[in-house]
Amino acid sequence: ATDFLGSTTSQIVVKVYKQAAPAPQIQFNPPSLSITRDKPVLVRGQAVFSRCPVDQGKLSFSWRLISGPVDFPAVSLEAVIPQIYVAPGTLTAGSTYVLGLRVENVGDSSQVSEGRFVLQVGYQLLVANIEGGSSLLVSFSSSFILSAANSFDPDMTDSSAGQDANQSMSFSWECTLTEDSISGPCRDKLGAALFMPKESRIAISGDVLIPVDAPYLFTVTVTKPGRAPSAASMPVHVVADQRPTVSMTSACVRADFDQRACCASAGGALIVNIGSRLILKGSSDLSNT
């Protein structure tokens, strides 16, 4: 370009490459995907052609990992169709994978294009669990232990045992008691708030929680940095001690050749003859004792 004073600009060259026909484009359905690692992944792409009347020809497809963790299965990227499958439990939680699908017209190398697919792998919820079933029944004088050691992070695959996975998890406990629609923190028999350590297992001594009609509801909350907390609860019913009254009776079977008394009492003790059989029977005023 030249201005009215005769000054000229530097020369700019723009190269234009003209294809013989419009290249097919890649479209994905859905265009992106957000999942957790416990779900299978199916990525579907397709070639979309121009509305111009062109010869579509034979197409070839190839996949590549543009960005993301290198644990993306290589066998999936070897697919020669516009569709790949990834099995559950394969990808890394909290990661983003960008996949490229390339399409090329076998008969015309100028007709080539690539589409990108974004795959986000989120975190699963932490699993909080208290061992021992759905509820617990204890007597006033009995101690008990509540354990949440089986709580785990389902996204951790390197630990075979739940306790190993707990090493990076934190635990906090709380106890509430609801009576007459009024809820409050659990208290011991002296009225002090119940203390519970921030550990996976807690022990409650006997003679601490007084017997009441409503259950004491113990709740553990498991947390981990960058993750949403998860909680589990266990109702504990505390009942008054039931001490049975026990009685015992005795019977003696005399041997046929022995004409003496089968047994005799001496100073509160039973004396049994040799060859005789003594039968003692105990009973309780409470069933299942």
# chains A, B, ... in the order shown; residues from 1 in each chain; ligands from 1

call {"tool": "select_by_dssp", "arguments": {"residues": "region 5-99 of chain A", "states": "strand (DSSP E)", "output": "ChimeraX atom specification"}}
result
/A:25-28,32-36,41-48,59-67,83-86,95-99

call {"tool": "residues_around", "arguments": {"residues": "Ile145 (chain A)", "least_positions_apart": "4", "cutoff": "12 Å", "atoms": "only C-alpha atoms", "output": "MDAnalysis selection string"}}
result
chainID A and resid 130:132 136:138 149 196 199:206 218 234 236

call {"tool": "closest_residue", "arguments": {"among": "A:Ile279, A:Phe195, A:Tyr123, A:Tyr216", "to": "Ser183 (chain A)", "atoms": "only C-alpha atoms"}}
result
A:Tyr216

call {"tool": "residues_around", "arguments": {"residues": "Asp38 (chain A)", "least_positions_apart": "4", "cutoff": "9 Å", "atoms": "only C-alpha atoms", "output": "PyMOL selection string"}}
result
chain A and resi 87-91+124+154-155

call {"tool": "select_by_dssp", "arguments": {"residues": "region 112-251 of chain A", "states": "alpha helix (DSSP H)", "output": "list in words"}}
result
Gly162, Gln163, Asp164 and Ala165 of chain A

call {"tool": "write_last_selection", "arguments": {"atoms": "N, CA, C and O atoms", "output": "short mmCIF file (atom, residue, chain, number, x, y, z; two decimals), in the first residue's frame"}}
result
data_model
loop_
_atom_site.label_atom_id
_atom_site.label_comp_id
_atom_site.auth_asym_id
_atom_site.auth_seq_id
_atom_site.Cartn_x
_atom_site.Cartn_y
_atom_site.Cartn_z
N GLY A 162 -9.77 -51.39 53.16
CA GLY A 162 -10.40 -50.13 53.46
C GLY A 162 -9.61 -49.32 54.48
O GLY A 162 -9.58 -48.10 54.43
N GLN A 163 -8.95 -49.99 55.41
CA GLN A 163 -8.20 -49.28 56.42
C GLN A 163 -7.02 -48.52 55.82
O GLN A 163 -6.65 -47.46 56.29
N ASP A 164 -6.42 -49.05 54.76
CA ASP A 164 -5.33 -48.34 54.09
C ASP A 164 -5.84 -47.06 53.45
O ASP A 164 -5.18 -46.03 53.50
N ALA A 165 -7.03 -47.14 52.87
CA ALA A 165 -7.61 -45.95 52.22
C ALA A 165 -7.97 -44.89 53.24
O ALA A 165 -8.06 -43.71 52.91
#
